[in-house]
file structure-v6.cif (mmCIF, C-alpha atoms)
data_upload
#
loop_
_atom_site.label_atom_id
_atom_site.label_comp_id
_atom_site.auth_asym_id
_atom_site.auth_seq_id
_atom_site.Cartn_x
_atom_site.Cartn_y
_atom_site.Cartn_z
CA MET A 1 59.98 -23.17 -0.63
CA GLY A 2 61.45 -20.29 -2.56
CA SER A 3 62.50 -22.40 -5.50
CA LEU A 4 59.17 -24.20 -5.55
CA LEU A 5 57.36 -20.90 -5.72
CA THR A 6 59.66 -19.77 -8.48
CA LEU A 7 58.97 -22.91 -10.45
CA GLN A 8 55.23 -22.72 -9.93
CA PHE A 9 54.94 -19.21 -11.30
CA LEU A 10 57.74 -19.19 -13.80
CA PHE A 11 57.37 -22.53 -15.47
CA PRO A 12 54.15 -21.90 -17.42
CA LEU A 13 55.30 -18.40 -18.21
CA LEU A 14 58.71 -19.46 -19.48
CA LEU A 15 57.23 -22.33 -21.45
CA ALA A 16 54.71 -20.06 -23.14
CA ILE A 17 57.34 -17.42 -23.93
CA LEU A 18 59.68 -20.07 -25.31
CA LEU A 19 56.92 -21.51 -27.50
CA LEU A 20 55.91 -18.05 -28.70
CA VAL A 21 59.45 -16.98 -29.56
CA THR A 22 60.13 -20.26 -31.35
CA GLY A 23 56.82 -19.93 -33.16
CA TYR A 24 57.50 -16.37 -34.24
CA ILE A 25 60.97 -17.05 -35.59
CA SER A 26 60.27 -20.37 -37.26
CA GLY A 27 56.87 -19.25 -38.54
CA ARG A 28 58.36 -16.16 -40.13
CA TYR A 29 61.21 -18.05 -41.71
CA LEU A 30 59.13 -20.94 -43.02
CA GLU A 31 56.41 -18.70 -44.40
CA ARG A 32 58.88 -16.57 -46.33
CA LYS A 33 60.57 -19.67 -47.71
CA HIS A 34 57.26 -21.19 -48.68
CA TYR A 35 56.03 -18.11 -50.53
CA GLU A 36 59.32 -17.87 -52.41
CA HIS A 37 58.90 -21.49 -53.44
CA ILE A 38 55.22 -21.05 -54.42
CA ILE A 39 55.84 -17.95 -56.53
CA ALA A 40 58.86 -19.53 -58.22
CA GLU A 41 56.79 -22.60 -59.13
CA GLU A 42 53.76 -20.62 -60.27
CA THR A 43 55.78 -18.42 -62.58
CA ARG A 44 57.92 -21.23 -63.96
CA PRO A 45 57.55 -21.26 -67.75
CA GLY A 46 55.81 -24.29 -69.22
CA GLN A 47 53.55 -24.89 -66.24
CA VAL A 48 50.31 -26.77 -66.81
CA MET A 49 47.53 -24.19 -67.25
CA VAL A 50 44.48 -24.32 -65.01
CA PHE A 51 40.95 -23.13 -65.84
CA PRO A 52 37.81 -22.98 -63.75
CA LEU A 53 35.72 -23.50 -66.93
CA ARG A 54 33.53 -26.56 -66.75
CA LEU A 55 34.10 -27.59 -70.36
CA PRO A 56 37.14 -27.05 -72.53
CA PRO A 57 36.61 -25.15 -75.77
CA PRO A 58 35.73 -27.58 -78.63
CA SER A 59 38.92 -26.68 -80.46
CA LEU A 60 40.92 -28.25 -77.62
CA SER A 61 38.89 -31.44 -77.46
CA PRO A 62 41.45 -34.12 -76.62
CA PRO A 63 41.32 -37.86 -76.99
CA GLU A 64 41.89 -38.49 -73.28
CA THR A 65 40.91 -36.88 -69.94
CA ALA A 66 41.88 -37.73 -66.38
CA LEU A 67 40.97 -36.61 -62.89
CA VAL A 68 43.94 -34.92 -61.26
CA MET A 69 44.17 -33.65 -57.72
CA GLY A 70 46.53 -32.05 -55.32
CA SER A 71 46.03 -32.14 -51.61
CA VAL A 72 47.65 -30.37 -48.66
CA VAL A 73 47.08 -30.98 -44.99
CA ILE A 74 48.07 -28.13 -42.73
CA SER A 75 47.96 -27.70 -39.03
CA VAL A 76 47.64 -24.52 -37.06
CA ASP A 77 50.63 -24.03 -34.81
CA TYR A 78 50.74 -22.81 -31.24
CA PHE A 79 51.91 -19.39 -32.27
CA LYS A 80 49.33 -18.76 -35.00
CA ARG A 81 46.61 -19.92 -32.68
CA PHE A 82 47.88 -17.59 -29.98
CA ILE A 83 47.66 -14.58 -32.30
CA ALA A 84 44.27 -15.72 -33.57
CA THR A 85 42.95 -16.07 -30.02
CA LEU A 86 43.94 -12.49 -29.29
CA ARG A 87 42.51 -11.37 -32.64
CA MET A 88 39.18 -13.01 -31.88
CA LEU A 89 38.84 -10.87 -28.77
CA VAL A 90 39.03 -7.62 -30.72
CA GLY A 91 37.82 -8.74 -34.15
CA GLY A 92 39.20 -8.12 -37.62
CA ARG A 93 41.03 -10.26 -40.15
CA LEU A 94 42.58 -13.39 -38.78
CA ASN A 95 45.86 -12.70 -40.54
CA SER A 96 47.66 -15.66 -39.08
CA TYR A 97 45.11 -18.12 -40.47
CA GLU A 98 44.62 -16.30 -43.77
CA SER A 99 48.21 -16.59 -44.91
CA LEU A 100 48.29 -20.22 -43.80
CA LEU A 101 45.22 -21.10 -45.89
CA ASP A 102 46.42 -19.05 -48.82
CA ARG A 103 49.64 -21.02 -48.84
CA ALA A 104 47.72 -24.27 -48.56
CA ARG A 105 45.43 -23.46 -51.51
CA ARG A 106 48.28 -22.43 -53.76
CA GLU A 107 50.37 -25.41 -52.75
CA ALA A 108 47.43 -27.75 -53.45
CA LEU A 109 47.01 -26.24 -56.91
CA LEU A 110 50.73 -26.64 -57.59
CA ARG A 111 50.58 -30.28 -56.60
CA MET A 112 47.59 -30.82 -58.87
CA ARG A 113 49.51 -29.23 -61.73
CA ALA A 114 52.50 -31.43 -60.96
CA GLU A 115 50.27 -34.49 -61.14
CA ALA A 116 48.79 -33.33 -64.42
CA GLU A 117 52.23 -32.63 -65.82
CA ALA A 118 53.40 -36.10 -64.82
CA MET A 119 50.45 -37.53 -66.74
CA GLY A 120 51.43 -35.58 -69.81
CA ALA A 121 48.68 -32.98 -69.69
CA LYS A 122 49.04 -29.37 -70.76
CA GLU A 123 45.77 -28.04 -69.34
CA VAL A 124 43.43 -28.76 -66.45
CA PHE A 125 39.79 -27.70 -66.70
CA ASN A 126 36.96 -27.49 -64.20
CA VAL A 127 39.36 -26.82 -61.32
CA LYS A 128 37.68 -26.82 -57.91
CA TYR A 129 38.75 -26.54 -54.29
CA GLU A 130 37.54 -28.43 -51.30
CA THR A 131 38.39 -27.70 -47.70
CA ALA A 132 37.80 -30.14 -44.90
CA VAL A 133 38.51 -29.81 -41.21
CA ILE A 134 40.06 -33.09 -40.18
CA SER A 135 40.81 -32.45 -36.53
CA GLY A 136 40.51 -29.87 -33.81
CA ARG A 137 36.77 -29.24 -34.01
CA SER A 138 36.13 -29.99 -30.37
CA ALA A 139 36.92 -27.37 -27.76
CA GLN A 140 39.31 -29.69 -25.93
CA SER A 141 41.41 -30.43 -28.97
CA GLN A 142 44.61 -28.46 -28.94
CA VAL A 143 45.36 -27.84 -32.62
CA GLY A 144 43.20 -27.84 -35.68
CA SER A 145 44.17 -29.33 -39.04
CA VAL A 146 42.65 -28.56 -42.41
CA GLU A 147 42.92 -30.37 -45.70
CA VAL A 148 42.82 -28.30 -48.87
CA LEU A 149 42.14 -30.30 -52.01
CA ALA A 150 42.34 -28.98 -55.55
CA TYR A 151 41.02 -31.16 -58.36
CA GLY A 152 40.12 -30.88 -62.00
CA THR A 153 40.01 -32.58 -65.38
CA ALA A 154 43.34 -32.89 -67.11
CA LEU A 155 43.37 -32.87 -70.89
CA ILE A 156 46.00 -35.26 -72.08
CA GLY A 157 47.18 -34.71 -75.66
CA LYS A 158 48.14 -37.61 -77.91
CA ASP A 159 51.55 -36.63 -79.22
CA MET B 160 46.53 -20.69 -78.77
CA GLY B 161 45.10 -17.73 -76.91
CA TYR B 162 44.82 -19.13 -73.42
CA GLN B 163 47.19 -18.22 -70.65
CA ASN B 164 47.41 -18.18 -66.84
CA ARG B 165 48.38 -14.89 -65.33
CA GLN B 166 50.14 -14.73 -62.00
CA PRO B 167 47.66 -13.18 -59.55
CA PRO B 168 48.85 -10.20 -57.51
CA GLU B 169 50.04 -10.90 -54.00
CA GLY B 170 48.57 -9.55 -50.82
CA ILE B 171 44.84 -9.84 -51.61
CA ASN B 172 43.88 -13.06 -49.91
CA TYR B 173 46.33 -12.49 -47.12
CA VAL B 174 48.07 -9.49 -45.63
CA SER B 175 51.75 -9.69 -46.25
CA ASN B 176 53.55 -9.71 -42.89
CA GLY B 177 50.07 -9.43 -41.37
CA TRP B 178 50.42 -11.75 -38.46
CA GLN B 179 53.80 -10.36 -37.55
CA LYS B 180 52.20 -6.94 -37.15
CA ASP B 181 49.26 -8.50 -35.34
CA PHE B 182 51.60 -10.15 -32.94
CA VAL B 183 53.33 -6.96 -31.89
CA LEU B 184 50.17 -4.85 -31.77
CA LEU B 185 47.91 -7.36 -30.11
CA VAL B 186 50.33 -8.78 -27.62
CA VAL B 187 51.61 -5.43 -26.44
CA GLY B 188 48.34 -3.53 -26.70
CA PHE B 189 46.13 -6.23 -25.39
CA PHE B 190 48.21 -7.15 -22.38
CA ALA B 191 48.71 -3.49 -21.50
CA GLY B 192 44.95 -2.98 -21.63
CA LEU B 193 44.28 -6.09 -19.66
CA ALA B 194 46.84 -5.18 -17.02
CA LEU B 195 45.18 -1.78 -16.62
CA LEU B 196 41.75 -3.36 -16.34
CA ILE B 197 42.89 -5.87 -13.77
CA TRP B 198 44.75 -3.23 -11.82
CA LEU B 199 41.60 -1.13 -11.60
CA ALA B 200 39.48 -4.14 -10.71
CA MET B 201 41.91 -5.18 -7.98
CA LEU B 202 41.87 -1.69 -6.53
CA ALA B 203 38.09 -1.63 -6.55
CA LEU B 204 37.83 -5.10 -5.05
CA GLY B 205 40.37 -4.36 -2.33
CA TRP B 206 38.55 -1.14 -1.56
CA SER B 207 35.18 -2.91 -1.42
CA ALA B 208 36.43 -5.10 1.42
CA ARG B 209 35.57 -2.34 3.90
CA TRP B 210 31.85 -2.78 3.24
CA ILE B 211 31.90 -6.43 4.18
CA PRO B 212 31.10 -6.80 7.88
CA PHE B 213 33.58 -8.66 10.05
CA SER B 214 30.81 -11.04 11.14
CA TRP B 215 30.68 -12.45 7.59
CA GLU B 216 34.36 -13.24 7.83
CA GLN B 217 33.78 -14.92 11.16
CA ALA B 218 30.92 -16.93 9.70
CA LEU B 219 33.13 -18.03 6.82
CA SER B 220 35.94 -19.03 9.15
CA ARG B 221 33.76 -20.90 11.66
CA PRO B 222 35.41 -24.24 10.76
CA LEU B 223 38.68 -22.83 12.17
CA GLN B 224 37.12 -22.33 15.59
CA GLN B 225 39.18 -24.17 18.15
CA THR B 226 37.83 -26.98 20.25
CA VAL B 227 40.97 -28.02 22.13
CA GLU B 228 41.52 -26.91 25.72
CA PRO B 229 44.11 -24.08 25.63
CA ASP B 230 47.37 -25.01 27.34
CA GLN B 231 49.83 -22.71 29.07
CA ARG B 232 51.59 -21.77 25.85
CA LEU B 233 48.39 -20.97 23.98
CA ARG B 234 47.09 -18.93 26.90
CA TYR B 235 50.33 -16.94 26.85
CA LEU B 236 50.09 -16.36 23.08
CA GLN B 237 46.42 -15.38 23.32
CA GLY B 238 47.19 -12.99 26.18
CA LEU B 239 50.04 -11.39 24.26
CA ALA B 240 47.84 -11.08 21.16
CA ASP B 241 45.06 -9.42 23.18
CA ASP B 242 47.55 -6.96 24.72
CA LEU B 243 48.95 -6.10 21.31
CA ALA B 244 45.49 -5.77 19.77
CA ARG B 245 44.58 -3.31 22.51
CA ALA B 246 47.88 -1.43 22.10
CA GLY B 247 47.45 -1.21 18.34
CA ASN B 248 43.78 -0.16 18.60
CA LEU B 249 42.34 -3.07 16.68
CA LYS B 250 39.07 -1.98 15.06
CA LYS B 251 36.17 -2.52 17.40
CA PRO B 252 34.13 -5.59 16.54
CA MET B 253 37.24 -7.55 15.58
CA THR B 254 38.68 -10.22 17.79
CA ILE B 255 41.88 -12.20 17.53
CA THR B 256 41.94 -15.96 18.06
CA VAL B 257 45.43 -17.40 18.31
CA HIS B 258 46.11 -20.98 17.24
CA HIS B 259 49.24 -23.00 17.69
CA GLN B 260 50.36 -25.39 14.99
CA ASP B 261 52.81 -28.24 15.44
CA SER B 262 54.96 -27.56 12.43
CA ASP B 263 58.68 -26.86 12.42
CA VAL B 264 58.32 -24.35 9.59
CA VAL B 265 59.31 -20.90 10.87
CA ASN B 266 56.16 -18.98 10.04
CA ALA B 267 52.94 -17.43 11.23
CA TYR B 268 49.90 -16.39 9.30
CA ALA B 269 46.54 -14.71 9.63
CA SER B 270 43.34 -16.03 8.15
CA LEU B 271 39.76 -14.84 7.68
CA GLY B 272 37.81 -13.99 10.81
CA GLY B 273 40.78 -12.91 12.93
CA HIS B 274 42.33 -16.34 13.25
CA VAL B 275 46.10 -16.10 13.70
CA PHE B 276 48.28 -19.18 13.45
CA ILE B 277 51.66 -19.43 15.16
CA LEU B 278 53.84 -22.34 14.06
CA GLU B 279 56.04 -24.23 16.49
CA GLY B 280 59.14 -23.52 14.37
CA LEU B 281 58.72 -19.81 14.99
CA LEU B 282 58.62 -20.29 18.76
CA ASP B 283 61.83 -22.29 18.52
CA GLU B 284 63.75 -19.72 16.52
CA VAL B 285 62.52 -16.47 18.06
CA LYS B 286 63.97 -16.35 21.56
CA THR B 287 62.50 -13.10 22.86
CA GLU B 288 59.01 -11.96 23.71
CA GLN B 289 59.53 -8.78 21.66
CA GLY B 290 60.54 -10.79 18.61
CA LEU B 291 57.45 -12.94 18.92
CA ALA B 292 55.27 -9.95 19.72
CA PHE B 293 56.30 -8.24 16.50
CA VAL B 294 55.33 -11.28 14.42
CA LEU B 295 52.06 -11.57 16.32
CA ALA B 296 51.35 -7.86 15.92
CA HIS B 297 52.19 -8.15 12.24
CA GLU B 298 49.54 -10.85 11.84
CA ILE B 299 47.06 -8.84 13.90
CA ALA B 300 47.76 -5.92 11.57
CA HIS B 301 46.74 -8.13 8.65
CA VAL B 302 43.43 -8.74 10.42
CA HIS B 303 43.09 -5.04 11.29
CA HIS B 304 43.55 -4.01 7.66
CA ARG B 305 41.30 -6.88 6.42
CA HIS B 306 44.16 -8.29 4.37
CA PRO B 307 43.03 -11.93 4.35
CA LEU B 308 39.62 -10.78 3.11
CA LYS B 309 41.15 -8.49 0.49
CA ALA B 310 43.42 -11.27 -0.75
CA THR B 311 40.49 -13.68 -0.95
CA ILE B 312 38.31 -11.20 -2.84
CA ARG B 313 41.13 -10.37 -5.20
CA GLN B 314 41.91 -13.99 -5.94
CA LEU B 315 38.25 -14.72 -6.58
CA GLY B 316 37.79 -11.62 -8.71
CA PHE B 317 40.94 -12.36 -10.67
CA GLY B 318 39.84 -15.92 -11.33
CA VAL B 319 36.41 -14.81 -12.51
CA MET B 320 37.88 -12.14 -14.78
CA MET B 321 40.37 -14.54 -16.33
CA GLY B 322 37.58 -17.03 -16.89
CA LEU B 323 35.31 -14.43 -18.48
CA VAL B 324 37.94 -12.96 -20.78
CA PHE B 325 39.81 -16.06 -21.86
CA GLY B 326 37.83 -19.13 -20.98
CA ASN B 327 39.81 -22.32 -21.05
CA THR B 328 42.71 -21.34 -23.33
CA ASP B 329 46.48 -21.14 -23.22
CA ILE B 330 46.33 -17.40 -22.87
CA ALA B 331 44.34 -17.82 -19.68
CA GLN B 332 47.24 -19.76 -18.22
CA LEU B 333 49.75 -17.25 -19.45
CA ALA B 334 47.82 -14.27 -18.17
CA GLY B 335 47.14 -16.20 -14.99
CA ALA B 336 50.82 -16.64 -14.28
CA GLY B 337 51.48 -12.98 -15.06
CA GLY B 338 48.58 -11.99 -12.85
CA GLN B 339 49.89 -14.07 -9.97
CA ILE B 340 53.20 -12.23 -10.16
CA ALA B 341 51.35 -8.90 -10.17
CA MET B 342 49.29 -10.14 -7.24
CA LEU B 343 52.50 -10.72 -5.30
CA ASN B 344 53.15 -7.01 -5.63
CA TYR B 345 49.91 -6.31 -3.76
CA SER B 346 50.94 -8.89 -1.24
CA ARG B 347 54.25 -7.10 -0.62
CA ASP B 348 52.41 -3.80 -0.18
CA LEU B 349 50.18 -5.42 2.42
CA GLU B 350 53.21 -6.81 4.25
CA ARG B 351 54.76 -3.35 4.47
CA GLU B 352 51.49 -1.94 5.76
CA ALA B 353 51.35 -4.67 8.40
CA ASP B 354 54.98 -4.10 9.44
CA ALA B 355 54.30 -0.43 10.14
CA TRP B 356 51.19 -1.18 12.20
CA ALA B 357 52.99 -3.88 14.16
CA LEU B 358 55.87 -1.59 15.02
CA ALA B 359 53.46 1.07 16.32
CA ALA B 360 51.69 -1.53 18.45
CA LEU B 361 55.01 -2.70 19.92
CA GLN B 362 56.06 0.84 20.80
CA LYS B 363 52.72 1.42 22.50
CA HIS B 364 52.82 -1.86 24.42
CA TYR B 365 56.47 -2.02 25.50
CA GLY B 366 57.52 1.61 25.20
CA HIS B 367 60.29 0.60 22.79
CA VAL B 368 60.80 -1.48 19.65
CA ASP B 369 64.03 -3.20 20.60
CA GLY B 370 64.16 -6.80 19.36
CA ALA B 371 61.28 -6.35 16.95
CA ASP B 372 63.31 -7.51 13.97
CA ALA B 373 64.46 -10.76 15.63
CA LEU B 374 62.75 -12.96 13.03
CA PHE B 375 64.06 -10.91 10.12
CA GLN B 376 67.58 -11.05 11.53
CA TRP B 377 67.26 -14.81 11.79
CA LEU B 378 65.92 -15.03 8.22
CA ALA B 379 68.69 -12.80 6.91
CA GLU B 380 71.32 -15.01 8.53
CA GLU B 381 69.90 -18.47 7.97
CA LYS B 382 67.72 -18.27 4.90
CA ALA B 383 69.39 -15.61 2.80
CA ASP B 384 70.37 -17.98 -0.02
CA GLU B 385 66.95 -19.66 -0.09
CA ALA B 386 64.97 -16.51 -0.73
CA PRO B 387 63.44 -16.11 -4.19
CA PRO B 388 64.00 -12.79 -6.01
CA GLN B 389 61.74 -10.13 -4.54
CA TRP B 390 59.40 -9.86 -7.56
CA LEU B 391 58.58 -13.54 -7.15
CA SER B 392 58.04 -13.37 -3.44
CA SER B 393 54.91 -12.66 -1.44
CA HIS B 394 57.03 -10.76 1.11
CA PRO B 395 59.50 -7.91 0.66
CA ASP B 396 63.19 -8.61 0.84
CA VAL B 397 64.24 -9.29 4.44
CA GLN B 398 67.14 -6.84 4.49
CA ALA B 399 64.87 -4.12 3.13
CA ARG B 400 62.32 -4.88 5.82
CA ILE B 401 64.93 -4.56 8.57
CA GLU B 402 66.05 -1.20 7.21
CA ARG B 403 62.47 -0.04 6.80
CA LEU B 404 61.70 -0.90 10.43
CA ARG B 405 64.69 1.23 11.45
CA ASP B 406 63.57 4.10 9.22
CA ILE B 407 60.05 4.05 10.61
CA SER B 408 61.39 3.95 14.17
CA ARG B 409 63.56 6.97 13.47
CA GLU B 410 60.78 8.94 11.77
CA GLN B 411 58.17 8.17 14.43
CA GLY B 412 60.64 8.59 17.27
CA TYR B 413 60.24 5.03 18.58
CA SER B 414 62.81 4.03 21.14
CA LEU B 415 65.29 1.52 19.71
CA GLN B 416 66.69 0.60 23.11
CA GLY B 417 64.72 -1.15 25.80
CA LYS B 418 64.33 -4.17 27.99
CA VAL B 419 64.09 -7.36 25.99
CA THR B 420 62.55 -10.29 27.83
CA PRO B 421 63.16 -13.91 26.89
CA LEU B 422 60.21 -16.13 26.06
CA PRO B 423 58.82 -17.81 29.17
CA GLU B 424 59.28 -21.54 29.66
CA TRP B 425 56.04 -23.44 29.36
CA GLU B 426 55.26 -26.99 30.18
CA THR B 427 53.67 -28.83 27.30
CA ALA B 428 54.18 -32.35 26.17
CA SER B 429 54.57 -31.37 22.55
CA SER B 430 57.35 -28.85 23.07
CA GLU B 431 59.45 -31.54 24.76
CA ALA B 432 58.90 -33.92 21.88
CA ALA B 433 59.34 -31.33 19.14
CA PRO B 434 61.91 -32.41 16.57
CA PRO B 435 65.09 -30.35 16.29
CA THR B 436 64.65 -27.46 13.90
CA ASP B 437 68.30 -27.13 13.10
CA ARG B 438 68.02 -26.92 9.32
#
call {"tool": "encode", "arguments": {"input": "structure-v6.cif", "output": "structure tokens"}}
result
Amino acid sequence: MGSLLTLQFLFPLLLAILLLVTGYISGRYLERKHYEHIIAEETRPGQVMVFPLRLPPPSLSPPETALVMGSVVISVDYFKRFIATLRMLVGGRLNSYESLLDRARREALLRMRAEAEAMGAKEVFNVKYETAVISGRSAQSQVGSVEVLAYGTALIGKD
Amino acid sequence: MGYQNRQPPEGINYVSNGWQKDFVLLVVGFFAGLALLIWLAMLALGWSARWIPFSWEQALSRPLQQTVEPDQRLRYLQGLADDLARAGNLKKPMTITVHHQDSDVVNAYASLGGHVFILEGLLDEVKTEQGLAFVLAHEIAHVHHRHPLKATIRQLGFGVMMGLVFGNTDIAQLAGAGGQIAMLNYSRDLEREADAWALAALQKHYGHVDGADALFQWLAEEKADEAPPQWLSSHPDVQARIERLRDISREQGYSLQGKVTPLPEWETASSEAAPPTDR
């Protein structure tokens, strides 16, 4: 009976603590790595330039345009959700979700630039973002996933 | 050409190391606050038990009311319980109803409405009337101090609070498990309170407290390696309870030496057929 009692009380507690510790360590490590990667890519010389302008200046008018896009699907993890749940009780910035979405947006833009670069473009105009929740909207669902899509018009030169 | 993309500054759309700070602040701060709140609520709820009349408890526990014809053994247990209740000055409108359960688990418990359950296993292992009387008095003490009611109110209140604060989330489970462990602390306090009352009742009834710790001695010998660590247990550590009984006896001047009578033999069909409890 003693061991049963121990298991009954300790199991959920130990499981949660294990998940939280794993989440904290891996989340910290992966986020740092990811930001290092994003910043290195963004500042790499010769990157395709992106502009939110709807139309390119006439001087740049190219012979060919193409739709380019970059998409990222991210999922909230147990740990980030745990912090967010606590945060929602007291209010304030949901830091754990903010950094996640920031990384997703920047990663999506980088992927769009990579696509444009592969197609031989030097600039992308009319860049827009879309965000769609693709799972986790119902209360029962355990984790939520979000797609961040960046798209624009690549100007492909003819040289 | 004059166009260029500048690298935007960091830390505007997100707080750098934000969630790490959140984690430490929120987890520590929030759970400390919650623990304080629950502690206060539990105190208030336990305290409020005194305003609930005993008749409500009896009404709630009506389904426990016995219909079987009491046999010799039950009459003996009921008689002993009534003697002890009188010796311990059980609060006035309260009554004790003893039940016997055919289970070889060595245990006894008190429920709402003054219903005390003695399990067959206990009668097999405790050989003396004083040993049994202490367990019985201990359960009567739970009734006297309204412990079953307090525990029920606390459990209900705790459940409602968890539901209100967290709803159906992981944190509710986590806090629930933590709360249960904290609840065990209350439980241990109640056990100590009951031990003291029971010892006083025994001294009053027999004129000594010799043999009162018979069950604890048995537990210490037979079940020592099965016991969970104290913080996970609803009862205090057995060895500590034995020592505490001795301390109380010394402080209150209870006599530690006296005549110990063996349990009487009773004729019941079930006691003959009871399985061996040699575990």
call {"tool": "interface_residues", "arguments": {"input": "structure-v6.cif", "of": "chain B", "to": "chain A", "cutoff": "8 Å", "atoms": "all atoms listed in the file", "output": "mmCIF file with C-alpha atoms, in the frame of the given file"}}
result
data_model
loop_
_atom_site.group_PDB
_atom_site.id
_atom_site.type_symbol
_atom_site.label_atom_id
_atom_site.label_comp_id
_atom_site.auth_asym_id
_atom_site.auth_seq_id
_atom_site.Cartn_x
_atom_site.Cartn_y
_atom_site.Cartn_z
ATOM 1 C CA GLN B 163 47.190 -18.220 -70.650
ATOM 2 C CA ASN B 164 47.410 -18.180 -66.840
ATOM 3 C CA GLN B 166 50.140 -14.730 -62.000
ATOM 4 C CA ASN B 172 43.880 -13.060 -49.910
ATOM 5 C CA TYR B 173 46.330 -12.490 -47.120
ATOM 6 C CA VAL B 174 48.070 -9.490 -45.630
ATOM 7 C CA SER B 175 51.750 -9.690 -46.250
ATOM 8 C CA GLY B 177 50.070 -9.430 -41.370
ATOM 9 C CA TRP B 178 50.420 -11.750 -38.460
ATOM 10 C CA GLN B 179 53.800 -10.360 -37.550
ATOM 11 C CA ASP B 181 49.260 -8.500 -35.340
ATOM 12 C CA PHE B 182 51.600 -10.150 -32.940
ATOM 13 C CA LEU B 185 47.910 -7.360 -30.110
ATOM 14 C CA VAL B 186 50.330 -8.780 -27.620
ATOM 15 C CA PHE B 189 46.130 -6.230 -25.390
ATOM 16 C CA ASP B 329 46.480 -21.140 -23.220
ATOM 17 C CA ILE B 330 46.330 -17.400 -22.870
ATOM 18 C CA GLN B 332 47.240 -19.760 -18.220
ATOM 19 C CA LEU B 333 49.750 -17.250 -19.450
ATOM 20 C CA ALA B 336 50.820 -16.640 -14.280
ATOM 21 C CA GLY B 337 51.480 -12.980 -15.060
ATOM 22 C CA GLN B 339 49.890 -14.070 -9.970
ATOM 23 C CA ILE B 340 53.200 -12.230 -10.160
ATOM 24 C CA GLU B 385 66.950 -19.660 -0.090
ATOM 25 C CA ALA B 386 64.970 -16.510 -0.730
ATOM 26 C CA PRO B 387 63.440 -16.110 -4.190
ATOM 27 C CA LEU B 391 58.580 -13.540 -7.150
ATOM 28 C CA SER B 392 58.040 -13.370 -3.440
#
call {"tool": "residues_near_point", "arguments": {"input": "structure-v6.cif", "point": "(45.6, -26.0, -39.0)", "cutoff": "7 Å", "atoms": "all atoms listed in the file", "output": "mmCIF file with C-alpha atoms, keeping the file's coordinate frame"}}
result
data_model
loop_
_atom_site.group_PDB
_atom_site.id
_atom_site.type_symbol
_atom_site.label_atom_id
_atom_site.label_comp_id
_atom_site.auth_asym_id
_atom_site.auth_seq_id
_atom_site.Cartn_x
_atom_site.Cartn_y
_atom_site.Cartn_z
ATOM 1 C CA ILE A 74 48.070 -28.130 -42.730
ATOM 2 C CA SER A 75 47.960 -27.700 -39.030
ATOM 3 C CA VAL A 76 47.640 -24.520 -37.060
ATOM 4 C CA ASP A 77 50.630 -24.030 -34.810
ATOM 5 C CA VAL A 143 45.360 -27.840 -32.620
ATOM 6 C CA GLY A 144 43.200 -27.840 -35.680
ATOM 7 C CA SER A 145 44.170 -29.330 -39.040
ATOM 8 C CA VAL A 146 42.650 -28.560 -42.410
#
call {"tool": "atom_distance", "arguments": {"input": "structure-v6.cif", "atom1": "CA of Thr131 in chain A", "atom2": "CA of Ile38 in chain A"}}
result
19.3 Å
call {"tool": "resolve_selection", "arguments": {"input": "structure-v6.cif", "expression": "the PyMOL selection byres ((chain B and resi 308-321) around 10)", "output": "ChimeraX atom specification"}}
result
/B:193,196-198,200-209,211,213,216,270-272,301-302,304-307,322-327,330-332,334-335,338-339,342,345-346,349
call {"tool": "resolve_selection", "arguments": {"input": "structure-v6.cif", "expression": "the PyMOL selection byres ((chain B and resi 401) around 12)", "output": "list in words"}}
result
Arg351, Asp354, Ala355, Leu358, Gly370, Ala371, Asp372, Ala373, Leu374, Phe375, Gln376, Trp377, Leu378, Ala379, Pro395, Asp396, Val397, Gln398, Ala399, Arg400, Glu402, Arg403, Leu404, Arg405, Asp406, Ile407 and Ser408 of chain B
call {"tool": "write_last_selection", "arguments": {"input": "structure-v6.cif", "atoms": "C-alpha atoms", "output": "short mmCIF file (atom, residue, chain, number, x, y, z; two decimals), in the coordinates of the input"}}
result
data_model
loop_
_atom_site.label_atom_id
_atom_site.label_comp_id
_atom_site.auth_asym_id
_atom_site.auth_seq_id
_atom_site.Cartn_x
_atom_site.Cartn_y
_atom_site.Cartn_z
CA ARG B 351 54.76 -3.35 4.47
CA ASP B 354 54.98 -4.10 9.44
CA ALA B 355 54.30 -0.43 10.14
CA LEU B 358 55.87 -1.59 15.02
CA GLY B 370 64.16 -6.80 19.36
CA ALA B 371 61.28 -6.35 16.95
CA ASP B 372 63.31 -7.51 13.97
CA ALA B 373 64.46 -10.76 15.63
CA LEU B 374 62.75 -12.96 13.03
CA PHE B 375 64.06 -10.91 10.12
CA GLN B 376 67.58 -11.05 11.53
CA TRP B 377 67.26 -14.81 11.79
CA LEU B 378 65.92 -15.03 8.22
CA ALA B 379 68.69 -12.80 6.91
CA PRO B 395 59.50 -7.91 0.66
CA ASP B 396 63.19 -8.61 0.84
CA VAL B 397 64.24 -9.29 4.44
CA GLN B 398 67.14 -6.84 4.49
CA ALA B 399 64.87 -4.12 3.13
CA ARG B 400 62.32 -4.88 5.82
CA GLU B 402 66.05 -1.20 7.21
CA ARG B 403 62.47 -0.04 6.80
CA LEU B 404 61.70 -0.90 10.43
CA ARG B 405 64.69 1.23 11.45
CA ASP B 406 63.57 4.10 9.22
CA ILE B 407 60.05 4.05 10.61
CA SER B 408 61.39 3.95 14.17
#
call {"tool": "resolve_selection", "arguments": {"input": "structure-v6.cif", "expression": "the PyMOL selection byres ((chain A and resi 132) around 10)", "output": "PyMOL selection string"}}
result
chain A and resi 73+130-131+133-135+145-149
